[in-house]
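To keep things clear, I will list the structure first and then write my remarks on it.
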Amino acid sequence: RALPYSWNGSSYTTSGIFSSTFTNINGCDSMVVLHLTVNSCIVTLNLKLLIEGYYMGSGLMRNLLYQSGLSTNALATDSIQVSLWRADHLQNVAPDYAAVVMLMNNGNTSLILPGWTTSNSYYIAIKHRNSIETWSSASVSIVHPTNYDFTTSLSKAYSDGVNTAMKNMGGGVFAIYGGDVNQDGTVDGSDMNEIDNNTSVASYGYD
């Protein structure tokens, strides 16, 4: 319910244990204790990630959307989808939560999660229109705020133990692999064929 919480003539806005004395009609006093837990209705998730094909060095990517005239934000690189998956829900068709957000050229993005995600743990999955879908290496406990940085180590992204999950861009910086044009989970000749086919018909624009 919305704060403040009213009880016995007093208002409360924080969690705690509160007591009050009531006097009944017979003049007897009784002590009543309120155990109040206040959960945040808003949880901020701050992420940092870099996309291989846009990376220019020094921790910055091309501000593609701005340069293409698709955004008035001079820092806008591209949109990404962020999904949250509970470990026991990985067989589900849809994630527990998903949102499309804007990725800035320094790799930063933020999203507001619903309050019910608090104190739960989720894998964080990143989807970009022509990159390999990349997941956090472990489930992340959601608090307010939660910060997760994919760029600092290969160990921040889930790997099958054979292939690296991100590309080393040098200087201790890692980026998610680009080139998965058809979004089939791999980068191979089929992606190049799609590019060649679109080039042959002079296809252009943002997709």
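As shown in the structure tokens, the chain order sets the letters A, B, ...; within each chain, residues go from 1, and ligands are also counted from 1 in the order they appear.
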
**Asked** Could you name the residues that touch Ala94 in chain A at 12 Å or less, counting only C-alpha atoms, but leaving out those on the same chain fewer than 2 positions away, as a ChimeraX atom specification?
**Response** /A:83-86,89-92,96-98,125

**Message:** Here is a test: counting only C-alpha atoms, which residue of A:Ile142, A:Ile132, A:Ala87, A:Ile176 is nearest to Thr117 in chain A?
**Reply:**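 Checking each of A:Ile142, A:Ile132, A:Ala87, A:Ile176 against Thr117 in chain A, counting only C-alpha atoms, the winner is A:Ile142.
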
**Asked** So, counting only C-alpha atoms, which residue among A:Ala99, A:Leu50, A:Met104, A:Leu64 is closest to Thr151 in chain A?
**Response** A:Leu50

**Prompt:** In Å to one decimal, how far is CA of Leu60 in chain A from CA of Leu103 in chain A?
**Reply:**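 Answer for the CA of Leu103 in chain A to CA of Leu60 in chain A separation: 11.4 Å.
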
Do you know which residues are at most 9 Å from Asn147 in chain A counting only C-alpha atoms, after dropping those on the same chain fewer than 4 positions away, and could you put them as a PDB file with N, CA, C and O atoms, in the first residue's frame?
```
ATOM      1  N   THR A  44      16.090   0.284  -9.346  1.00  0.00           N
ATOM      2  CA  THR A  44      16.894   0.714 -10.484  1.00  0.00           C
ATOM      3  C   THR A  44      17.974  -0.311 -10.787  1.00  0.00           C
ATOM      4  O   THR A  44      18.718  -0.727  -9.886  1.00  0.00           O
ATOM      5  N   LEU A  45      18.053  -0.733 -12.046  1.00  0.00           N
ATOM      6  CA  LEU A  45      19.113  -1.622 -12.513  1.00  0.00           C
ATOM      7  C   LEU A  45      20.013  -0.828 -13.446  1.00  0.00           C
ATOM      8  O   LEU A  45      19.572  -0.356 -14.497  1.00  0.00           O
ATOM      9  N   ASN A  46      21.269  -0.653 -13.056  1.00  0.00           N
ATOM     10  CA  ASN A  46      22.257   0.066 -13.851  1.00  0.00           C
ATOM     11  C   ASN A  46      23.186  -0.943 -14.516  1.00  0.00           C
ATOM     12  O   ASN A  46      23.805  -1.761 -13.833  1.00  0.00           O
ATOM     13  N   LEU A  47      23.282  -0.883 -15.830  1.00  0.00           N
ATOM     14  CA  LEU A  47      24.117  -1.817 -16.576  1.00  0.00           C
ATOM     15  C   LEU A  47      25.177  -1.078 -17.375  1.00  0.00           C
ATOM     16  O   LEU A  47      24.994   0.089 -17.740  1.00  0.00           O
ATOM     17  N   LYS A  48      26.266  -1.796 -17.638  1.00  0.00           N
ATOM     18  CA  LYS A  48      27.283  -1.274 -18.543  1.00  0.00           C
ATOM     19  C   LYS A  48      27.713  -2.405 -19.461  1.00  0.00           C
ATOM     20  O   LYS A  48      28.070  -3.491 -19.005  1.00  0.00           O
TER      21      LYS A  48
END
```
